[in-house]
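One file, run.cif, is given below (mmCIF, N, CA, C and O atoms and all ligand atoms).
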```cif
data_protein
#
loop_
_atom_site.label_atom_id
_atom_site.label_comp_id
_atom_site.auth_asym_id
_atom_site.auth_seq_id
_atom_site.Cartn_x
_atom_site.Cartn_y
_atom_site.Cartn_z
N MET A 2 103.09 29.68 88.34
CA MET A 2 102.62 30.91 88.96
C MET A 2 101.38 30.63 89.79
O MET A 2 100.48 29.93 89.36
N TYR A 3 101.35 31.17 90.98
CA TYR A 3 100.21 30.99 91.85
C TYR A 3 99.04 31.86 91.44
O TYR A 3 99.19 33.05 91.20
N LEU A 4 97.88 31.27 91.31
CA LEU A 4 96.69 32.04 90.96
C LEU A 4 95.68 32.00 92.09
O LEU A 4 95.25 30.93 92.50
N PRO A 5 95.31 33.16 92.57
CA PRO A 5 94.26 33.20 93.59
C PRO A 5 92.96 32.67 92.99
O PRO A 5 92.70 32.85 91.81
N GLU A 6 92.16 32.03 93.81
CA GLU A 6 90.93 31.45 93.28
C GLU A 6 89.75 32.40 93.32
O GLU A 6 88.80 32.21 92.59
N GLN A 7 89.84 33.39 94.17
CA GLN A 7 88.67 34.23 94.35
C GLN A 7 88.98 35.70 94.12
O GLN A 7 90.10 36.14 94.29
N ALA A 8 87.95 36.42 93.73
CA ALA A 8 88.08 37.85 93.54
C ALA A 8 87.02 38.57 94.36
O ALA A 8 85.91 38.08 94.54
N CYS A 9 87.40 39.73 94.87
CA CYS A 9 86.48 40.55 95.67
C CYS A 9 85.46 41.20 94.73
O CYS A 9 85.83 41.78 93.72
N ARG A 10 84.18 41.10 95.10
CA ARG A 10 83.15 41.69 94.25
C ARG A 10 83.14 43.21 94.33
O ARG A 10 82.68 43.88 93.42
N LEU A 11 83.63 43.74 95.41
CA LEU A 11 83.58 45.20 95.59
C LEU A 11 84.70 45.91 94.85
O LEU A 11 84.47 46.88 94.15
N CYS A 12 85.95 45.42 95.02
CA CYS A 12 87.07 46.15 94.42
C CYS A 12 87.77 45.33 93.33
O CYS A 12 88.70 45.81 92.72
N ARG A 13 87.33 44.09 93.11
CA ARG A 13 87.86 43.22 92.06
C ARG A 13 89.28 42.75 92.33
O ARG A 13 89.93 42.17 91.47
N ARG A 14 89.79 42.99 93.52
CA ARG A 14 91.12 42.50 93.86
C ARG A 14 91.09 40.98 93.98
O ARG A 14 90.13 40.42 94.49
N LEU A 15 92.14 40.33 93.50
CA LEU A 15 92.23 38.88 93.65
C LEU A 15 92.69 38.57 95.07
O LEU A 15 93.65 39.15 95.57
N VAL A 16 91.99 37.67 95.71
CA VAL A 16 92.17 37.41 97.13
C VAL A 16 92.60 35.97 97.35
O VAL A 16 92.01 35.04 96.80
N ALA A 17 93.65 35.79 98.16
CA ALA A 17 94.14 34.44 98.43
C ALA A 17 93.36 33.78 99.57
O ALA A 17 93.14 32.58 99.56
N GLY A 18 92.93 34.55 100.54
CA GLY A 18 92.20 33.98 101.68
C GLY A 18 90.70 34.15 101.54
O GLY A 18 90.17 34.14 100.44
N ASN A 19 90.03 34.31 102.68
CA ASN A 19 88.58 34.44 102.66
C ASN A 19 88.12 35.85 102.95
O ASN A 19 86.94 36.10 103.14
N LEU A 20 89.07 36.78 103.00
CA LEU A 20 88.74 38.17 103.31
C LEU A 20 89.57 39.07 102.42
O LEU A 20 90.78 38.88 102.29
N CYS A 21 88.92 40.04 101.81
CA CYS A 21 89.67 40.97 100.97
C CYS A 21 90.52 41.88 101.86
O CYS A 21 90.00 42.52 102.78
N PRO A 22 91.83 41.93 101.61
CA PRO A 22 92.71 42.74 102.46
C PRO A 22 92.50 44.24 102.24
O PRO A 22 92.86 45.05 103.09
N ALA A 23 91.92 44.60 101.12
CA ALA A 23 91.76 46.02 100.81
C ALA A 23 90.51 46.61 101.44
O ALA A 23 90.56 47.63 102.12
N CYS A 24 89.37 45.94 101.26
CA CYS A 24 88.13 46.53 101.79
C CYS A 24 87.50 45.69 102.88
O CYS A 24 86.38 45.97 103.30
N ARG A 25 88.18 44.67 103.33
CA ARG A 25 87.71 43.85 104.45
C ARG A 25 86.37 43.19 104.17
O ARG A 25 85.60 42.93 105.09
N SER A 26 86.11 42.97 102.90
CA SER A 26 84.85 42.34 102.54
C SER A 26 85.06 40.84 102.37
O SER A 26 86.13 40.39 101.98
N ASN A 27 84.03 40.08 102.71
CA ASN A 27 84.11 38.64 102.42
C ASN A 27 83.15 38.29 101.29
O ASN A 27 82.77 37.14 101.11
N ASP A 28 82.78 39.31 100.53
CA ASP A 28 81.93 39.09 99.37
C ASP A 28 82.81 38.74 98.18
O ASP A 28 83.15 39.58 97.36
N LEU A 29 83.21 37.48 98.14
CA LEU A 29 84.16 37.02 97.13
C LEU A 29 83.46 36.12 96.13
O LEU A 29 82.44 35.51 96.44
N THR A 30 84.03 36.04 94.95
CA THR A 30 83.44 35.17 93.94
C THR A 30 84.52 34.38 93.22
O THR A 30 85.64 34.86 93.05
N ARG A 31 84.15 33.18 92.82
CA ARG A 31 85.07 32.38 92.01
C ARG A 31 84.82 32.60 90.53
O ARG A 31 85.56 32.08 89.69
N SER A 32 83.78 33.35 90.23
CA SER A 32 83.43 33.60 88.83
C SER A 32 84.07 34.90 88.34
O SER A 32 83.44 35.94 88.30
N TRP A 33 85.35 34.81 88.03
CA TRP A 33 86.04 35.99 87.52
C TRP A 33 86.89 35.58 86.34
O TRP A 33 87.22 34.41 86.17
N LYS A 34 87.23 36.57 85.52
CA LYS A 34 88.03 36.29 84.33
C LYS A 34 89.10 37.34 84.13
O LYS A 34 88.85 38.53 84.31
N GLY A 35 90.26 36.88 83.72
CA GLY A 35 91.33 37.80 83.34
C GLY A 35 92.03 38.41 84.54
O GLY A 35 91.44 38.58 85.60
N ILE A 36 93.30 38.68 84.39
CA ILE A 36 94.07 39.28 85.48
C ILE A 36 94.64 40.62 85.03
O ILE A 36 95.22 40.73 83.95
N LEU A 37 94.41 41.62 85.86
CA LEU A 37 94.94 42.95 85.60
C LEU A 37 95.94 43.23 86.71
O LEU A 37 95.59 43.24 87.89
N VAL A 38 97.21 43.40 86.34
CA VAL A 38 98.23 43.67 87.36
C VAL A 38 98.56 45.16 87.35
O VAL A 38 98.97 45.70 86.33
N VAL A 39 98.35 45.78 88.48
CA VAL A 39 98.58 47.21 88.60
C VAL A 39 99.84 47.46 89.43
O VAL A 39 99.93 47.06 90.59
N PHE A 40 100.83 48.11 88.80
CA PHE A 40 102.04 48.49 89.53
C PHE A 40 101.97 49.97 89.88
O PHE A 40 102.38 50.40 90.94
N ASP A 41 101.47 50.73 88.92
CA ASP A 41 101.47 52.18 89.04
C ASP A 41 100.03 52.68 89.00
O ASP A 41 99.37 52.61 87.97
N THR A 42 99.54 53.16 90.13
CA THR A 42 98.13 53.56 90.19
C THR A 42 97.88 54.89 89.49
O THR A 42 96.75 55.30 89.34
N SER A 43 98.94 55.57 89.08
CA SER A 43 98.73 56.82 88.35
C SER A 43 98.68 56.58 86.84
O SER A 43 98.54 57.50 86.06
N SER A 44 98.81 55.32 86.44
CA SER A 44 98.76 55.00 85.02
C SER A 44 97.33 55.15 84.50
O SER A 44 96.37 55.06 85.26
N GLU A 45 97.21 55.37 83.22
CA GLU A 45 95.89 55.52 82.61
C GLU A 45 95.05 54.27 82.81
O GLU A 45 93.86 54.33 83.04
N MET A 46 95.71 53.13 82.72
CA MET A 46 95.00 51.86 82.84
C MET A 46 94.33 51.75 84.21
O MET A 46 93.17 51.38 84.33
N ALA A 47 95.09 52.09 85.26
CA ALA A 47 94.55 52.00 86.62
C ALA A 47 93.43 53.01 86.83
O ALA A 47 92.43 52.72 87.47
N LYS A 48 93.62 54.20 86.28
CA LYS A 48 92.59 55.24 86.43
C LYS A 48 91.29 54.82 85.75
O LYS A 48 90.21 54.99 86.28
N GLU A 49 91.44 54.27 84.55
CA GLU A 49 90.25 53.85 83.81
C GLU A 49 89.51 52.76 84.55
O GLU A 49 88.29 52.71 84.55
N ALA A 50 90.26 51.86 85.17
CA ALA A 50 89.64 50.76 85.89
C ALA A 50 89.21 51.17 87.29
O ALA A 50 88.57 50.41 88.00
N GLY A 51 89.58 52.38 87.71
CA GLY A 51 89.18 52.87 89.02
C GLY A 51 89.92 52.19 90.16
O GLY A 51 89.37 51.99 91.23
N LEU A 52 91.16 51.82 89.92
CA LEU A 52 91.94 51.11 90.93
C LEU A 52 92.87 52.08 91.65
O LEU A 52 93.58 52.86 91.01
N SER A 53 92.87 52.00 92.98
CA SER A 53 93.61 53.00 93.75
C SER A 53 94.82 52.43 94.47
O SER A 53 95.57 53.17 95.10
N SER A 54 95.04 51.12 94.39
CA SER A 54 96.24 50.58 95.03
C SER A 54 96.82 49.47 94.16
O SER A 54 96.08 48.78 93.46
N PRO A 55 98.14 49.31 94.19
CA PRO A 55 98.79 48.28 93.36
C PRO A 55 98.33 46.89 93.76
O PRO A 55 97.97 46.65 94.92
N GLY A 56 98.34 45.98 92.83
CA GLY A 56 97.95 44.62 93.14
C GLY A 56 97.41 43.92 91.91
O GLY A 56 97.50 44.43 90.79
N LYS A 57 96.88 42.74 92.15
CA LYS A 57 96.30 41.97 91.05
C LYS A 57 94.78 42.05 91.14
O LYS A 57 94.21 41.85 92.21
N TYR A 58 94.19 42.30 90.00
CA TYR A 58 92.74 42.45 89.97
C TYR A 58 92.15 41.58 88.87
O TYR A 58 92.81 41.29 87.87
N ALA A 59 90.88 41.22 89.06
CA ALA A 59 90.16 40.51 88.01
C ALA A 59 89.65 41.53 87.01
O ALA A 59 89.21 42.61 87.37
N VAL A 60 89.75 41.18 85.73
CA VAL A 60 89.23 42.08 84.70
C VAL A 60 87.70 42.07 84.74
O VAL A 60 87.05 43.10 84.67
N LYS A 61 87.15 40.88 84.88
CA LYS A 61 85.69 40.77 84.96
C LYS A 61 85.28 39.95 86.18
O LYS A 61 85.84 38.88 86.42
N VAL A 62 84.34 40.47 86.91
CA VAL A 62 83.81 39.76 88.07
C VAL A 62 82.31 39.63 87.91
O VAL A 62 81.63 40.58 87.54
N ARG A 63 81.81 38.43 88.16
CA ARG A 63 80.37 38.25 88.07
C ARG A 63 79.75 38.32 89.45
O ARG A 63 80.34 37.86 90.42
ZN ZN B 1 87.87 44.23 98.03
#
```
Could the structure of this file be written out as structure tokens, please?
Amino acid sequence: MYLPEQACRLCRRLVAGNLCPACRSNDLTRSWKGILVVFDTSSEMAKEAGLSSPGKYAVKVR
């Protein structure tokens, strides 16, 4: 399985390139832990984490 190396500090989305596709930020970090996969943004899990679009997110970002 392919794992992105970096996570966006603003929205915690895991990013494959050097720019977050969601918020256009290049404030990325390699210091992240855990993967949260969101399929359904209306789920309780996504709401609690404050995630508004499907995708892969880091559980913790430093
Ligand atoms: Zn972002």
Go through chain A and flag each residue having an atom no more than 10 Å from ligand ZN 1 (chain B); for those, report the closest pair of atoms plus their distance in Å to one decimal, using only C-alpha atoms and all ligand atoms, ordered by chain and rising number, as CSV.
```
residue,atom,partner,partner_atom,distance
A:Ala8,CA,B:ZN1,ZN,7.8
A:Cys9,CA,B:ZN1,ZN,4.6
A:Arg10,CA,B:ZN1,ZN,6.6
A:Leu11,CA,B:ZN1,ZN,5.0
A:Cys12,CA,B:ZN1,ZN,4.2
A:Arg13,CA,B:ZN1,ZN,6.1
A:Arg14,CA,B:ZN1,ZN,5.6
A:Leu15,CA,B:ZN1,ZN,8.2
A:Val16,CA,B:ZN1,ZN,8.1
A:Leu20,CA,B:ZN1,ZN,8.1
A:Cys21,CA,B:ZN1,ZN,4.7
A:Pro22,CA,B:ZN1,ZN,6.7
A:Ala23,CA,B:ZN1,ZN,5.1
A:Cys24,CA,B:ZN1,ZN,4.4
A:Arg25,CA,B:ZN1,ZN,6.4
A:Ser26,CA,B:ZN1,ZN,5.7
A:Asn27,CA,B:ZN1,ZN,8.0
A:Asp28,CA,B:ZN1,ZN,8.0
A:Leu29,CA,B:ZN1,ZN,8.2
A:Tyr58,CA,B:ZN1,ZN,9.6
```
Please write as a PDB file with N, CA, C and O atoms, in the frame of the given file the list of polymer residues whose atoms come within 12 Å of (89.4, 43.6, 88.6), counting only C-alpha atoms and keeping to the coordinates of the file.
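Okay, point.pdb is ready:
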```pdb
ATOM      1  N   GLN A   7      89.840  33.390  94.170  1.00  0.00           N
ATOM      2  CA  GLN A   7      88.670  34.230  94.350  1.00  0.00           C
ATOM      3  C   GLN A   7      88.980  35.700  94.120  1.00  0.00           C
ATOM      4  O   GLN A   7      90.100  36.140  94.290  1.00  0.00           O
ATOM      5  N   ALA A   8      87.950  36.420  93.730  1.00  0.00           N
ATOM      6  CA  ALA A   8      88.080  37.850  93.540  1.00  0.00           C
ATOM      7  C   ALA A   8      87.020  38.570  94.360  1.00  0.00           C
ATOM      8  O   ALA A   8      85.910  38.080  94.540  1.00  0.00           O
ATOM      9  N   CYS A   9      87.400  39.730  94.870  1.00  0.00           N
ATOM     10  CA  CYS A   9      86.480  40.550  95.670  1.00  0.00           C
ATOM     11  C   CYS A   9      85.460  41.200  94.730  1.00  0.00           C
ATOM     12  O   CYS A   9      85.830  41.780  93.720  1.00  0.00           O
ATOM     13  N   ARG A  10      84.180  41.100  95.100  1.00  0.00           N
ATOM     14  CA  ARG A  10      83.150  41.690  94.250  1.00  0.00           C
ATOM     15  C   ARG A  10      83.140  43.210  94.330  1.00  0.00           C
ATOM     16  O   ARG A  10      82.680  43.880  93.420  1.00  0.00           O
ATOM     17  N   LEU A  11      83.630  43.740  95.410  1.00  0.00           N
ATOM     18  CA  LEU A  11      83.580  45.200  95.590  1.00  0.00           C
ATOM     19  C   LEU A  11      84.700  45.910  94.850  1.00  0.00           C
ATOM     20  O   LEU A  11      84.470  46.880  94.150  1.00  0.00           O
ATOM     21  N   CYS A  12      85.950  45.420  95.020  1.00  0.00           N
ATOM     22  CA  CYS A  12      87.070  46.150  94.420  1.00  0.00           C
ATOM     23  C   CYS A  12      87.770  45.330  93.330  1.00  0.00           C
ATOM     24  O   CYS A  12      88.700  45.810  92.720  1.00  0.00           O
ATOM     25  N   ARG A  13      87.330  44.090  93.110  1.00  0.00           N
ATOM     26  CA  ARG A  13      87.860  43.220  92.060  1.00  0.00           C
ATOM     27  C   ARG A  13      89.280  42.750  92.330  1.00  0.00           C
ATOM     28  O   ARG A  13      89.930  42.170  91.470  1.00  0.00           O
ATOM     29  N   ARG A  14      89.790  42.990  93.520  1.00  0.00           N
ATOM     30  CA  ARG A  14      91.120  42.500  93.860  1.00  0.00           C
ATOM     31  C   ARG A  14      91.090  40.980  93.980  1.00  0.00           C
ATOM     32  O   ARG A  14      90.130  40.420  94.490  1.00  0.00           O
ATOM     33  N   LEU A  15      92.140  40.330  93.500  1.00  0.00           N
ATOM     34  CA  LEU A  15      92.230  38.880  93.650  1.00  0.00           C
ATOM     35  C   LEU A  15      92.690  38.570  95.070  1.00  0.00           C
ATOM     36  O   LEU A  15      93.650  39.150  95.570  1.00  0.00           O
ATOM     37  N   VAL A  16      91.990  37.670  95.710  1.00  0.00           N
ATOM     38  CA  VAL A  16      92.170  37.410  97.130  1.00  0.00           C
ATOM     39  C   VAL A  16      92.600  35.970  97.350  1.00  0.00           C
ATOM     40  O   VAL A  16      92.010  35.040  96.800  1.00  0.00           O
ATOM     41  N   LEU A  29      83.210  37.480  98.140  1.00  0.00           N
ATOM     42  CA  LEU A  29      84.160  37.020  97.130  1.00  0.00           C
ATOM     43  C   LEU A  29      83.460  36.120  96.130  1.00  0.00           C
ATOM     44  O   LEU A  29      82.440  35.510  96.440  1.00  0.00           O
ATOM     45  N   THR A  30      84.030  36.040  94.950  1.00  0.00           N
ATOM     46  CA  THR A  30      83.440  35.170  93.940  1.00  0.00           C
ATOM     47  C   THR A  30      84.520  34.380  93.220  1.00  0.00           C
ATOM     48  O   THR A  30      85.640  34.860  93.050  1.00  0.00           O
ATOM     49  N   SER A  32      83.780  33.350  90.230  1.00  0.00           N
ATOM     50  CA  SER A  32      83.430  33.600  88.830  1.00  0.00           C
ATOM     51  C   SER A  32      84.070  34.900  88.340  1.00  0.00           C
ATOM     52  O   SER A  32      83.440  35.940  88.300  1.00  0.00           O
ATOM     53  N   TRP A  33      85.350  34.810  88.030  1.00  0.00           N
ATOM     54  CA  TRP A  33      86.040  35.990  87.520  1.00  0.00           C
ATOM     55  C   TRP A  33      86.890  35.580  86.340  1.00  0.00           C
ATOM     56  O   TRP A  33      87.220  34.410  86.170  1.00  0.00           O
ATOM     57  N   LYS A  34      87.230  36.570  85.520  1.00  0.00           N
ATOM     58  CA  LYS A  34      88.030  36.290  84.330  1.00  0.00           C
ATOM     59  C   LYS A  34      89.100  37.340  84.130  1.00  0.00           C
ATOM     60  O   LYS A  34      88.850  38.530  84.310  1.00  0.00           O
ATOM     61  N   GLY A  35      90.260  36.880  83.720  1.00  0.00           N
ATOM     62  CA  GLY A  35      91.330  37.800  83.340  1.00  0.00           C
ATOM     63  C   GLY A  35      92.030  38.410  84.540  1.00  0.00           C
ATOM     64  O   GLY A  35      91.440  38.580  85.600  1.00  0.00           O
ATOM     65  N   ILE A  36      93.300  38.680  84.390  1.00  0.00           N
ATOM     66  CA  ILE A  36      94.070  39.280  85.480  1.00  0.00           C
ATOM     67  C   ILE A  36      94.640  40.620  85.030  1.00  0.00           C
ATOM     68  O   ILE A  36      95.220  40.730  83.950  1.00  0.00           O
ATOM     69  N   LEU A  37      94.410  41.620  85.860  1.00  0.00           N
ATOM     70  CA  LEU A  37      94.940  42.950  85.600  1.00  0.00           C
ATOM     71  C   LEU A  37      95.940  43.230  86.710  1.00  0.00           C
ATOM     72  O   LEU A  37      95.590  43.240  87.890  1.00  0.00           O
ATOM     73  N   VAL A  38      97.210  43.400  86.340  1.00  0.00           N
ATOM     74  CA  VAL A  38      98.230  43.670  87.360  1.00  0.00           C
ATOM     75  C   VAL A  38      98.560  45.160  87.350  1.00  0.00           C
ATOM     76  O   VAL A  38      98.970  45.700  86.330  1.00  0.00           O
ATOM     77  N   VAL A  39      98.350  45.780  88.480  1.00  0.00           N
ATOM     78  CA  VAL A  39      98.580  47.210  88.600  1.00  0.00           C
ATOM     79  C   VAL A  39      99.840  47.460  89.430  1.00  0.00           C
ATOM     80  O   VAL A  39      99.930  47.060  90.590  1.00  0.00           O
ATOM     81  N   MET A  46      95.710  53.130  82.720  1.00  0.00           N
ATOM     82  CA  MET A  46      95.000  51.860  82.840  1.00  0.00           C
ATOM     83  C   MET A  46      94.330  51.750  84.210  1.00  0.00           C
ATOM     84  O   MET A  46      93.170  51.380  84.330  1.00  0.00           O
ATOM     85  N   ALA A  47      95.090  52.090  85.260  1.00  0.00           N
ATOM     86  CA  ALA A  47      94.550  52.000  86.620  1.00  0.00           C
ATOM     87  C   ALA A  47      93.430  53.010  86.830  1.00  0.00           C
ATOM     88  O   ALA A  47      92.430  52.720  87.470  1.00  0.00           O
ATOM     89  N   GLU A  49      91.440  54.270  84.550  1.00  0.00           N
ATOM     90  CA  GLU A  49      90.250  53.850  83.810  1.00  0.00           C
ATOM     91  C   GLU A  49      89.510  52.760  84.550  1.00  0.00           C
ATOM     92  O   GLU A  49      88.290  52.710  84.550  1.00  0.00           O
ATOM     93  N   ALA A  50      90.260  51.860  85.170  1.00  0.00           N
ATOM     94  CA  ALA A  50      89.640  50.760  85.890  1.00  0.00           C
ATOM     95  C   ALA A  50      89.210  51.170  87.290  1.00  0.00           C
ATOM     96  O   ALA A  50      88.570  50.410  88.000  1.00  0.00           O
ATOM     97  N   GLY A  51      89.580  52.380  87.710  1.00  0.00           N
ATOM     98  CA  GLY A  51      89.180  52.870  89.020  1.00  0.00           C
ATOM     99  C   GLY A  51      89.920  52.190  90.160  1.00  0.00           C
ATOM    100  O   GLY A  51      89.370  51.990  91.230  1.00  0.00           O
ATOM    101  N   LEU A  52      91.160  51.820  89.920  1.00  0.00           N
ATOM    102  CA  LEU A  52      91.940  51.110  90.930  1.00  0.00           C
ATOM    103  C   LEU A  52      92.870  52.080  91.650  1.00  0.00           C
ATOM    104  O   LEU A  52      93.580  52.860  91.010  1.00  0.00           O
ATOM    105  N   SER A  53      92.870  52.000  92.980  1.00  0.00           N
ATOM    106  CA  SER A  53      93.610  53.000  93.750  1.00  0.00           C
ATOM    107  C   SER A  53      94.820  52.430  94.470  1.00  0.00           C
ATOM    108  O   SER A  53      95.570  53.170  95.100  1.00  0.00           O
ATOM    109  N   SER A  54      95.040  51.120  94.390  1.00  0.00           N
ATOM    110  CA  SER A  54      96.240  50.580  95.030  1.00  0.00           C
ATOM    111  C   SER A  54      96.820  49.470  94.160  1.00  0.00           C
ATOM    112  O   SER A  54      96.080  48.780  93.460  1.00  0.00           O
ATOM    113  N   PRO A  55      98.140  49.310  94.190  1.00  0.00           N
ATOM    114  CA  PRO A  55      98.790  48.280  93.360  1.00  0.00           C
ATOM    115  C   PRO A  55      98.330  46.890  93.760  1.00  0.00           C
ATOM    116  O   PRO A  55      97.970  46.650  94.920  1.00  0.00           O
ATOM    117  N   GLY A  56      98.340  45.980  92.830  1.00  0.00           N
ATOM    118  CA  GLY A  56      97.950  44.620  93.140  1.00  0.00           C
ATOM    119  C   GLY A  56      97.410  43.920  91.910  1.00  0.00           C
ATOM    120  O   GLY A  56      97.500  44.430  90.790  1.00  0.00           O
ATOM    121  N   LYS A  57      96.880  42.740  92.150  1.00  0.00           N
ATOM    122  CA  LYS A  57      96.300  41.970  91.050  1.00  0.00           C
ATOM    123  C   LYS A  57      94.780  42.050  91.140  1.00  0.00           C
ATOM    124  O   LYS A  57      94.210  41.850  92.210  1.00  0.00           O
ATOM    125  N   TYR A  58      94.190  42.300  90.000  1.00  0.00           N
ATOM    126  CA  TYR A  58      92.740  42.450  89.970  1.00  0.00           C
ATOM    127  C   TYR A  58      92.150  41.580  88.870  1.00  0.00           C
ATOM    128  O   TYR A  58      92.810  41.290  87.870  1.00  0.00           O
ATOM    129  N   ALA A  59      90.880  41.220  89.060  1.00  0.00           N
ATOM    130  CA  ALA A  59      90.160  40.510  88.010  1.00  0.00           C
ATOM    131  C   ALA A  59      89.650  41.530  87.010  1.00  0.00           C
ATOM    132  O   ALA A  59      89.210  42.610  87.370  1.00  0.00           O
ATOM    133  N   VAL A  60      89.750  41.180  85.730  1.00  0.00           N
ATOM    134  CA  VAL A  60      89.230  42.080  84.700  1.00  0.00           C
ATOM    135  C   VAL A  60      87.700  42.070  84.740  1.00  0.00           C
ATOM    136  O   VAL A  60      87.050  43.100  84.670  1.00  0.00           O
ATOM    137  N   LYS A  61      87.150  40.880  84.880  1.00  0.00           N
ATOM    138  CA  LYS A  61      85.690  40.770  84.960  1.00  0.00           C
ATOM    139  C   LYS A  61      85.280  39.950  86.180  1.00  0.00           C
ATOM    140  O   LYS A  61      85.840  38.880  86.420  1.00  0.00           O
ATOM    141  N   VAL A  62      84.340  40.470  86.910  1.00  0.00           N
ATOM    142  CA  VAL A  62      83.810  39.760  88.070  1.00  0.00           C
ATOM    143  C   VAL A  62      82.310  39.630  87.910  1.00  0.00           C
ATOM    144  O   VAL A  62      81.630  40.580  87.540  1.00  0.00           O
ATOM    145  N   ARG A  63      81.810  38.430  88.160  1.00  0.00           N
ATOM    146  CA  ARG A  63      80.370  38.250  88.070  1.00  0.00           C
ATOM    147  C   ARG A  63      79.750  38.320  89.450  1.00  0.00           C
ATOM    148  O   ARG A  63      80.340  37.860  90.420  1.00  0.00           O
TER     149      ARG A  63
END
```
**OP:** Measure the distance from atom C of A:Ala17 to atom N of A:Phe40 in Å and round it to one decimal.
**Re:** 19.4 Å
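Atom O of A:Glu6 sits 9.3 Å away from atom N of A:Gly18.
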Subject >> DSSP-assigned strand (DSSP E or B) among chain A, expressed as a PyMOL selection string >> reply: chain A and resi 7-9+14-16+29-30+33-39+56-62
For the selection you just gave me, I'd like the residues written to a file as a compact mmCIF listing (two decimals), in the coordinates of the input, keeping N, CA, C and O atoms.
```
# COMPACT_ATOMS: atom_id res chain seq x y z
N GLN A 7 89.84 33.39 94.17
CA GLN A 7 88.67 34.23 94.35
C GLN A 7 88.98 35.70 94.12
O GLN A 7 90.10 36.14 94.29
N ALA A 8 87.95 36.42 93.73
CA ALA A 8 88.08 37.85 93.54
C ALA A 8 87.02 38.57 94.36
O ALA A 8 85.91 38.08 94.54
N CYS A 9 87.40 39.73 94.87
CA CYS A 9 86.48 40.55 95.67
C CYS A 9 85.46 41.20 94.73
O CYS A 9 85.83 41.78 93.72
N ARG A 14 89.79 42.99 93.52
CA ARG A 14 91.12 42.50 93.86
C ARG A 14 91.09 40.98 93.98
O ARG A 14 90.13 40.42 94.49
N LEU A 15 92.14 40.33 93.50
CA LEU A 15 92.23 38.88 93.65
C LEU A 15 92.69 38.57 95.07
O LEU A 15 93.65 39.15 95.57
N VAL A 16 91.99 37.67 95.71
CA VAL A 16 92.17 37.41 97.13
C VAL A 16 92.60 35.97 97.35
O VAL A 16 92.01 35.04 96.80
N LEU A 29 83.21 37.48 98.14
CA LEU A 29 84.16 37.02 97.13
C LEU A 29 83.46 36.12 96.13
O LEU A 29 82.44 35.51 96.44
N THR A 30 84.03 36.04 94.95
CA THR A 30 83.44 35.17 93.94
C THR A 30 84.52 34.38 93.22
O THR A 30 85.64 34.86 93.05
N TRP A 33 85.35 34.81 88.03
CA TRP A 33 86.04 35.99 87.52
C TRP A 33 86.89 35.58 86.34
O TRP A 33 87.22 34.41 86.17
N LYS A 34 87.23 36.57 85.52
CA LYS A 34 88.03 36.29 84.33
C LYS A 34 89.10 37.34 84.13
O LYS A 34 88.85 38.53 84.31
N GLY A 35 90.26 36.88 83.72
CA GLY A 35 91.33 37.80 83.34
C GLY A 35 92.03 38.41 84.54
O GLY A 35 91.44 38.58 85.60
N ILE A 36 93.30 38.68 84.39
CA ILE A 36 94.07 39.28 85.48
C ILE A 36 94.64 40.62 85.03
O ILE A 36 95.22 40.73 83.95
N LEU A 37 94.41 41.62 85.86
CA LEU A 37 94.94 42.95 85.60
C LEU A 37 95.94 43.23 86.71
O LEU A 37 95.59 43.24 87.89
N VAL A 38 97.21 43.40 86.34
CA VAL A 38 98.23 43.67 87.36
C VAL A 38 98.56 45.16 87.35
O VAL A 38 98.97 45.70 86.33
N VAL A 39 98.35 45.78 88.48
CA VAL A 39 98.58 47.21 88.60
C VAL A 39 99.84 47.46 89.43
O VAL A 39 99.93 47.06 90.59
N GLY A 56 98.34 45.98 92.83
CA GLY A 56 97.95 44.62 93.14
C GLY A 56 97.41 43.92 91.91
O GLY A 56 97.50 44.43 90.79
N LYS A 57 96.88 42.74 92.15
CA LYS A 57 96.30 41.97 91.05
C LYS A 57 94.78 42.05 91.14
O LYS A 57 94.21 41.85 92.21
N TYR A 58 94.19 42.30 90.00
CA TYR A 58 92.74 42.45 89.97
C TYR A 58 92.15 41.58 88.87
O TYR A 58 92.81 41.29 87.87
N ALA A 59 90.88 41.22 89.06
CA ALA A 59 90.16 40.51 88.01
C ALA A 59 89.65 41.53 87.01
O ALA A 59 89.21 42.61 87.37
N VAL A 60 89.75 41.18 85.73
CA VAL A 60 89.23 42.08 84.70
C VAL A 60 87.70 42.07 84.74
O VAL A 60 87.05 43.10 84.67
N LYS A 61 87.15 40.88 84.88
CA LYS A 61 85.69 40.77 84.96
C LYS A 61 85.28 39.95 86.18
O LYS A 61 85.84 38.88 86.42
N VAL A 62 84.34 40.47 86.91
CA VAL A 62 83.81 39.76 88.07
C VAL A 62 82.31 39.63 87.91
O VAL A 62 81.63 40.58 87.54
```
